[in-house]
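input-v5.txt follows (compact mmCIF, C-alpha atoms):
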```
# COMPACT_ATOMS: atom_id res chain seq x y z
CA MET A 1 7.84 -8.63 -9.43
CA LYS A 2 4.22 -8.28 -10.51
CA LYS A 3 3.14 -8.27 -6.88
CA LEU A 4 5.54 -5.41 -6.16
CA ASN A 5 4.22 -3.63 -9.24
CA PHE A 6 0.69 -4.07 -7.88
CA PHE A 7 1.64 -2.46 -4.56
CA TRP A 8 3.43 0.34 -6.43
CA ASN A 9 0.30 1.01 -8.51
CA GLN A 10 -1.74 0.99 -5.32
CA LEU A 11 0.61 3.53 -3.78
CA THR A 12 0.66 5.85 -6.79
CA SER A 13 -3.15 5.77 -7.04
CA THR A 14 -3.59 7.19 -3.54
CA PHE A 15 -4.52 10.84 -3.23
CA TRP A 16 -1.58 11.71 -0.96
CA PHE A 17 1.41 10.09 -2.70
CA VAL A 18 2.01 12.54 -5.57
CA PRO A 19 1.36 15.63 -3.39
CA SER A 20 3.82 14.23 -0.85
CA LEU A 21 6.49 13.84 -3.54
CA ILE A 22 5.88 17.40 -4.71
CA ILE A 23 6.15 18.73 -1.16
CA VAL A 24 9.39 16.83 -0.48
CA GLY A 25 10.84 18.06 -3.78
CA THR A 26 9.83 21.63 -3.00
CA ILE A 27 11.49 21.49 0.42
CA ALA A 28 14.69 20.34 -1.32
CA ILE A 29 14.40 23.22 -3.82
CA ALA A 30 13.91 25.68 -0.96
CA ILE A 31 17.05 24.46 0.79
CA ILE A 32 19.08 24.64 -2.43
CA SER A 33 17.82 28.12 -3.36
CA ILE A 34 18.54 29.44 0.13
CA TYR A 35 22.04 27.96 -0.07
CA ILE A 36 22.60 29.68 -3.44
CA ASP A 37 21.38 32.96 -1.94
CA GLY A 38 24.02 32.58 0.76
CA ILE A 39 26.91 32.25 -1.69
CA VAL A 40 25.78 34.47 -4.56
CA GLU A 41 25.67 38.24 -4.28
CA ILE A 42 22.68 39.73 -6.09
CA SER A 43 22.97 43.11 -7.77
CA HIS A 44 19.93 45.37 -7.38
CA ARG A 45 21.00 47.69 -10.17
CA GLY A 46 19.68 47.82 -13.70
CA ILE A 47 17.06 45.16 -14.47
CA GLY A 48 17.84 43.47 -11.16
CA ARG A 49 15.97 46.18 -9.23
CA TYR A 50 12.75 45.09 -10.97
CA LEU A 51 13.26 41.38 -10.24
CA PHE A 52 14.82 41.17 -6.79
CA ILE A 53 13.57 42.46 -3.46
CA ASP A 54 15.97 44.65 -1.50
CA SER A 55 13.87 45.20 1.63
CA ALA A 56 13.25 42.68 4.39
CA ASP A 57 9.81 44.12 5.14
CA SER A 58 8.78 43.85 1.50
CA ALA A 59 10.08 40.30 1.35
CA ARG A 60 8.11 39.28 4.43
CA SER A 61 5.00 40.95 3.06
CA ILE A 62 5.27 39.16 -0.30
CA LEU A 63 5.94 35.74 1.19
CA THR A 64 3.17 36.12 3.76
CA THR A 65 0.70 37.15 1.07
CA ILE A 66 1.66 34.26 -1.24
CA SER A 67 1.57 31.61 1.50
CA GLY A 68 -1.79 32.79 2.83
CA ALA A 69 -3.30 32.97 -0.65
CA MET A 70 -2.05 29.53 -1.68
CA ILE A 71 -3.42 27.64 1.30
CA GLY A 72 -6.66 29.64 1.21
CA VAL A 73 -7.27 29.03 -2.49
CA ALA A 74 -6.42 25.33 -2.14
CA GLY A 75 -8.94 24.83 0.66
CA THR A 76 -11.68 26.85 -1.01
CA VAL A 77 -11.30 25.35 -4.49
CA PHE A 78 -11.23 21.75 -3.30
CA SER A 79 -14.20 22.30 -1.00
CA ILE A 80 -16.30 23.75 -3.83
CA THR A 81 -15.10 21.01 -6.17
CA LEU A 82 -16.13 18.24 -3.78
CA VAL A 83 -19.58 19.80 -3.47
CA ALA A 84 -19.95 19.82 -7.26
CA LEU A 85 -18.72 16.24 -7.49
CA THR A 86 -21.10 15.13 -4.77
CA LEU A 87 -24.03 16.55 -6.72
CA ALA A 88 -22.75 14.99 -9.96
CA SER A 89 -22.16 11.61 -8.32
CA SER A 90 -25.84 11.42 -7.39
CA GLN A 91 -26.52 11.15 -11.14
CA PHE A 92 -23.52 9.12 -12.33
CA GLY A 93 -22.74 7.07 -9.22
CA PRO A 94 -20.33 7.42 -6.29
CA ARG A 95 -17.36 6.19 -8.34
CA LEU A 96 -17.13 9.64 -9.87
CA ILE A 97 -15.62 10.83 -6.58
CA LYS A 98 -13.14 7.94 -6.65
CA ASN A 99 -12.10 8.97 -10.17
CA PHE A 100 -11.55 12.48 -8.83
CA MET A 101 -9.27 11.09 -6.12
CA TYR A 102 -7.24 9.07 -8.63
CA ASP A 103 -6.97 11.90 -11.18
CA ARG A 104 -3.31 12.88 -11.54
CA LEU A 105 -3.99 16.54 -12.30
CA ASN A 106 -6.01 16.93 -9.11
CA GLN A 107 -3.16 15.44 -7.11
CA VAL A 108 -0.64 17.76 -8.78
CA VAL A 109 -2.81 20.83 -8.07
CA LEU A 110 -3.14 19.98 -4.39
CA GLY A 111 0.57 19.23 -4.09
CA SER A 112 1.55 22.45 -5.88
CA TYR A 113 -0.53 24.72 -3.64
CA VAL A 114 0.52 23.10 -0.39
CA ALA A 115 4.15 22.90 -1.54
CA THR A 116 4.19 26.62 -2.41
CA TYR A 117 2.76 27.39 1.02
CA ILE A 118 5.48 25.38 2.73
CA TYR A 119 8.16 26.86 0.48
CA CYS A 120 7.17 30.41 1.44
CA LEU A 121 7.23 29.53 5.14
CA ILE A 122 10.74 28.07 4.86
CA VAL A 123 12.08 31.08 2.97
CA LEU A 124 10.28 33.48 5.30
CA ASN A 125 11.99 31.92 8.29
CA THR A 126 15.46 32.64 6.82
CA ILE A 127 15.03 36.41 6.44
CA LYS A 128 17.30 38.17 8.92
CA GLU A 129 17.72 41.91 9.39
CA ASN A 130 19.63 43.04 12.44
CA GLY A 131 22.93 44.60 13.32
CA ASP A 132 24.83 41.33 13.57
CA MET A 133 23.48 39.52 10.53
CA ASP A 134 21.56 40.53 7.42
CA PHE A 135 20.23 37.90 5.04
CA LEU A 136 17.74 38.47 2.25
CA PRO A 137 17.12 35.39 0.00
CA SER A 138 16.36 37.33 -3.18
CA ILE A 139 16.58 34.34 -5.54
CA SER A 140 14.29 32.27 -3.31
CA ILE A 141 11.74 35.08 -3.19
CA LEU A 142 11.84 35.39 -6.99
CA LEU A 143 11.17 31.65 -7.26
CA SER A 144 8.14 32.05 -4.98
CA LEU A 145 6.76 34.71 -7.33
CA PHE A 146 7.17 32.39 -10.32
CA ALA A 147 5.55 29.57 -8.33
CA SER A 148 2.54 31.73 -7.48
CA LEU A 149 2.17 32.71 -11.16
CA SER A 150 2.34 29.06 -12.17
CA ASN A 151 -0.30 28.18 -9.59
CA ILE A 152 -2.66 30.81 -11.01
CA ILE A 153 -2.34 29.21 -14.45
CA LEU A 154 -2.74 25.78 -12.85
CA LEU A 155 -5.92 26.98 -11.14
CA ILE A 156 -7.47 27.92 -14.49
CA VAL A 157 -6.52 24.54 -15.95
CA PHE A 158 -7.92 22.79 -12.87
CA ILE A 159 -11.28 24.54 -13.03
CA HIS A 160 -11.59 23.73 -16.75
CA HIS A 161 -10.64 20.12 -16.05
CA ILE A 162 -13.24 19.73 -13.30
CA ALA A 163 -15.94 21.38 -15.41
CA THR A 164 -15.38 18.84 -18.19
CA THR A 165 -14.85 15.87 -15.88
CA ILE A 166 -18.39 15.89 -14.47
CA GLN A 167 -20.03 15.99 -17.91
CA ALA A 168 -21.80 12.78 -18.90
CA ASP A 169 -19.95 12.37 -22.20
CA LYS A 170 -16.59 12.77 -20.48
CA VAL A 171 -17.51 10.32 -17.72
CA ILE A 172 -18.49 7.65 -20.26
CA SER A 173 -15.36 8.31 -22.34
CA ASP A 174 -13.05 8.01 -19.32
CA ILE A 175 -14.68 4.77 -18.22
CA SER A 176 -14.38 3.33 -21.73
CA GLU A 177 -10.72 4.30 -22.01
CA SER A 178 -9.86 2.90 -18.58
CA LEU A 179 -11.73 -0.31 -19.30
CA ASN A 180 -9.91 -0.85 -22.61
CA LYS A 181 -6.52 -0.25 -20.99
CA ASN A 182 -7.36 -2.58 -18.15
CA LEU A 183 -8.50 -5.34 -20.50
CA ASN A 184 -5.26 -5.02 -22.46
CA VAL A 185 -3.35 -5.54 -19.22
CA LEU A 186 -5.50 -8.45 -18.11
CA PHE A 187 -5.45 -10.15 -21.52
CA PRO A 188 -2.24 -9.09 -23.31
CA GLU A 189 -2.36 -12.02 -25.71
CA LYS A 190 -5.14 -12.94 -28.07
CA ILE A 191 -6.87 -16.19 -27.32
CA GLY A 192 -6.57 -18.75 -30.11
CA GLU A 193 -9.06 -21.30 -31.22
CA GLU A 194 -10.02 -23.73 -28.53
CA HIS A 195 -9.85 -27.48 -28.94
CA GLY A 196 -13.03 -29.45 -29.05
CA GLU A 197 -14.30 -30.83 -25.80
CA ASP A 198 -13.97 -34.41 -27.13
CA HIS A 199 -10.17 -34.05 -27.16
CA GLU A 200 -9.90 -32.68 -23.62
CA PRO A 201 -10.06 -34.66 -20.40
CA LYS A 202 -13.03 -33.89 -18.23
CA GLU A 203 -12.45 -31.57 -15.28
CA GLN A 204 -13.55 -34.08 -12.68
CA GLU A 205 -11.24 -36.75 -14.08
CA ILE A 206 -8.26 -34.41 -13.81
CA LYS A 207 -9.03 -33.59 -10.17
CA GLU A 208 -9.49 -37.24 -9.24
CA SER A 209 -6.09 -38.09 -10.66
CA TYR A 210 -4.45 -36.34 -7.69
CA SER A 211 -4.28 -38.04 -4.31
CA ASN A 212 -4.21 -34.92 -2.11
CA LYS A 213 -6.52 -31.90 -1.96
CA THR A 214 -5.62 -28.81 0.11
CA LYS A 215 -7.99 -25.93 0.80
CA ILE A 216 -6.62 -22.37 0.78
CA LYS A 217 -8.80 -20.25 3.06
CA ALA A 218 -9.28 -16.49 2.90
CA PRO A 219 -7.16 -14.75 5.58
CA LYS A 220 -9.78 -12.03 6.10
CA SER A 221 -13.05 -10.64 4.78
CA GLY A 222 -13.09 -8.13 1.93
CA TYR A 223 -12.87 -7.72 -1.82
CA LEU A 224 -10.41 -9.88 -3.72
CA GLN A 225 -8.14 -7.25 -5.26
CA TYR A 226 -5.25 -9.13 -6.75
CA ILE A 227 -4.10 -12.68 -7.58
CA ASN A 228 -0.43 -13.23 -8.34
CA ASN A 229 -1.08 -15.56 -11.26
CA ASP A 230 2.52 -16.03 -12.35
CA SER A 231 3.76 -17.06 -8.91
CA LEU A 232 0.80 -19.37 -8.36
CA LEU A 233 1.25 -21.12 -11.70
CA GLN A 234 5.01 -21.39 -11.28
CA LYS A 235 4.64 -22.94 -7.84
CA VAL A 236 1.93 -25.35 -8.95
CA ASN A 237 3.95 -26.42 -11.99
CA ASP A 238 6.97 -27.07 -9.80
CA MET A 239 4.77 -29.32 -7.66
CA SER A 240 3.19 -30.97 -10.74
CA GLY A 241 -0.18 -30.05 -9.33
CA LEU A 242 -3.37 -28.22 -10.17
CA ILE A 243 -4.94 -25.10 -8.67
CA GLU A 244 -8.62 -24.19 -8.75
CA LEU A 245 -9.64 -20.64 -7.87
CA HIS A 246 -13.17 -20.26 -6.56
CA TYR A 247 -13.28 -16.46 -6.77
CA ARG A 248 -12.10 -13.84 -9.21
CA PRO A 249 -10.83 -10.30 -8.53
CA GLY A 250 -13.77 -8.10 -7.58
CA ASP A 251 -15.64 -10.79 -5.63
CA TYR A 252 -16.33 -10.31 -1.95
CA ILE A 253 -14.82 -13.04 0.24
CA VAL A 254 -15.76 -13.88 3.80
CA PHE A 255 -13.06 -14.74 6.31
CA SER A 256 -12.00 -18.41 6.36
CA VAL A 257 -14.03 -19.32 3.28
CA GLU A 258 -12.34 -21.63 0.75
CA ALA A 259 -10.75 -19.27 -1.77
CA ALA A 260 -8.80 -21.88 -3.73
CA THR A 261 -8.06 -25.60 -3.84
CA ILE A 262 -4.66 -27.15 -4.56
CA PHE A 263 -4.56 -30.65 -6.05
CA THR A 264 -1.24 -32.48 -5.61
CA ASN A 265 0.12 -35.95 -5.07
CA LYS A 266 1.92 -34.90 -1.87
CA GLU A 267 0.66 -33.25 1.27
CA LEU A 268 1.47 -29.54 1.46
CA SER A 269 3.47 -28.12 4.36
CA ASP A 270 2.35 -25.07 6.37
CA GLU A 271 4.99 -22.99 4.61
CA GLN A 272 3.63 -23.93 1.20
CA ILE A 273 0.07 -23.16 2.30
CA ASN A 274 1.18 -19.75 3.58
CA PHE A 275 2.87 -19.11 0.24
CA PHE A 276 -0.36 -19.70 -1.66
CA THR A 277 -2.33 -17.59 0.83
CA ASN A 278 0.08 -14.66 0.43
CA GLN A 279 -0.44 -14.61 -3.34
CA ILE A 280 -4.04 -13.46 -2.82
CA ILE A 281 -4.57 -9.84 -1.74
CA ILE A 282 -7.84 -8.90 -0.06
CA SER A 283 -8.82 -5.35 0.91
CA GLU A 284 -11.84 -3.22 1.81
CA THR A 285 -12.36 -1.75 -1.66
CA ARG A 286 -12.26 -2.87 -5.28
CA ASN A 287 -9.63 -1.69 -7.74
CA LYS A 288 -9.21 -1.78 -11.50
CA TYR A 289 -5.94 -3.68 -11.93
CA GLN A 290 -7.44 -7.15 -12.26
CA ASP A 291 -11.10 -6.29 -11.85
CA ALA A 292 -12.54 -4.91 -15.08
CA GLY A 293 -15.98 -4.74 -13.43
CA ALA A 294 -14.72 -2.05 -11.06
CA LEU A 295 -14.76 0.42 -13.97
CA HIS A 296 -18.30 0.09 -15.27
CA PRO A 297 -20.91 2.63 -14.11
CA PRO A 298 -22.75 1.31 -11.03
CA ASN A 299 -26.08 2.43 -12.46
CA GLY A 300 -25.42 1.04 -15.94
```

Starting from the coordinates I provided, produce the structure as structure tokens.
Amino acid sequence: MKKLNFFWNQLTSTFWFVPSLIIVGTIAIAIISIYIDGIVEISHRGIGRYLFIDSADSARSILTTISGAMIGVAGTVFSITLVALTLASSQFGPRLIKNFMYDRLNQVVLGSYVATYIYCLIVLNTIKENGDMDFLPSISILLSLFASLSNIILLIVFIHHIATTIQADKVISDISESLNKNLNVLFPEKIGEEHGEDHEPKEQEIKESYSNKTKIKAPKSGYLQYINNDSLLQKVNDMSGLIELHYRPGDYIVFSVEAATIFTNKELSDEQINFFTNQIIISETRNKYQDAGALHPPNG
């Protein structure tokens, strides 16, 4: 379960996952709103004439303007932001850009602008005005106006957020907060008083008590991102054995190097060796889930 949770955290920390969810949700909203427009008759009298569009040309003009503005603002804002972050990262380290990628607000802003653009295109494609069929999705167009207003407010919040994010005090505060949360995850229980060394068997004596030693080699080169501790300990306990890890999360491992050693009284099968190998995840970059050192400033 923890391994699945690790992969889920990896997925949610990517820059594209949250925007993709927003886009998929917006497409569903567009389909539902268009369907409602097809079964509900909108009155353009009274206050309705100020809220709903009654002309196909006006509807096309509004949707075209909103879609063009959304995708244009998204591209421009993120380009300028990356330039500012690049300059700031030269002072605080390249991990500032990684923090920008993982920031949930930045992901929501990107998803909102792109989703509004796609929403307007879908609604725009449904407008029909000819002798055989007339269809004007007034409710859907009204939703696009509310979405554009929300995006304007979101833009102001985003600019304020970026302006504070690249400040030195904020960078240090974010790193400290992330580090404390990560340490609480890594060490959820307080460590009690340790026994004296005179009452504990020596490490070498424990290893020599087992008749078989199996080396677990790294399947590829890269940073050790995650070790499924619970599964490893459970498996070793079931075998009445001992496991020795030679690397910790955050260390760089070369392909085929000895990553761990299993001490047992029986020879391990290929299936058991593969099980232990699969409990160690290696990738090209470091992450913060089991590697507290991935959070400290590189220049500090």

Nearest to Ala218 (chain A), restricted to only C-alpha atoms and choosing among A:Gln167, A:Asn180, A:Ser283, A:Thr264, comes out as A:Ser283

How close does region 71-166 of chain A get to region 28-41 of chain A? List, as JSON lines, each residue of region 71-166 of chain A within 8 Å, its nearest atom pair and the distance in Å to one decimal, counting only C-alpha atoms.
```
{"residue": "A:Tyr119", "atom": "CA", "partner": "A:Ala30", "partner_atom": "CA", "distance": 6.0}
{"residue": "A:Ile122", "atom": "CA", "partner": "A:Ala30", "partner_atom": "CA", "distance": 7.0}
{"residue": "A:Val123", "atom": "CA", "partner": "A:Ala30", "partner_atom": "CA", "distance": 6.9}
{"residue": "A:Phe135", "atom": "CA", "partner": "A:Gly38", "partner_atom": "CA", "distance": 7.8}
{"residue": "A:Leu136", "atom": "CA", "partner": "A:Asp37", "partner_atom": "CA", "distance": 7.8}
{"residue": "A:Pro137", "atom": "CA", "partner": "A:Asp37", "partner_atom": "CA", "distance": 5.3}
{"residue": "A:Ser138", "atom": "CA", "partner": "A:Asp37", "partner_atom": "CA", "distance": 6.8}
{"residue": "A:Ile139", "atom": "CA", "partner": "A:Asp37", "partner_atom": "CA", "distance": 6.2}
{"residue": "A:Ser140", "atom": "CA", "partner": "A:Ser33", "partner_atom": "CA", "distance": 5.4}
```

inquiry  = Show me, as a list in words, the residues that have an atom within 9 Å of Thr214 (chain A) when counting only C-alpha atoms, minus same-chain residues fewer than 6 positions from it.
reply    = Ala260, Thr261, Ile262, Phe263, Thr264, Glu267, Leu268 and Ile273 of chain A

What's around Val257 (chain A) at 12 Å? Count all atoms listed in the file, leave out sequence neighbours fewer than 3 positions away in its own chain, and write the answer as number ranges by chain. A: 215-222, 246-247, 252-254, 260-261

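Among the candidates A:Asn287, A:Ser211, A:Asn229, A:Ser112, the residue lying nearest to Leu155 (chain A) is A:Ser112 (atoms considered: only C-alpha atoms).
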
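Here CA of Asn278 (chain A) is placed at a distance of 15.6 Å from CA of Arg248 (chain A).
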
A straight line from CA of Pro19 (chain A) to CA of Ile66 (chain A) spans 18.8 Å

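For the set A:Ser144, A:Asn106, A:Ser173, A:Thr14, the residue with the smallest atom-to-atom gap to Val157 (chain A) is A:Asn106, counting all atoms listed in the file.
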
Students should find that CA of Phe78 (chain A) and CA of Leu110 (chain A) are spaced 8.4 Å
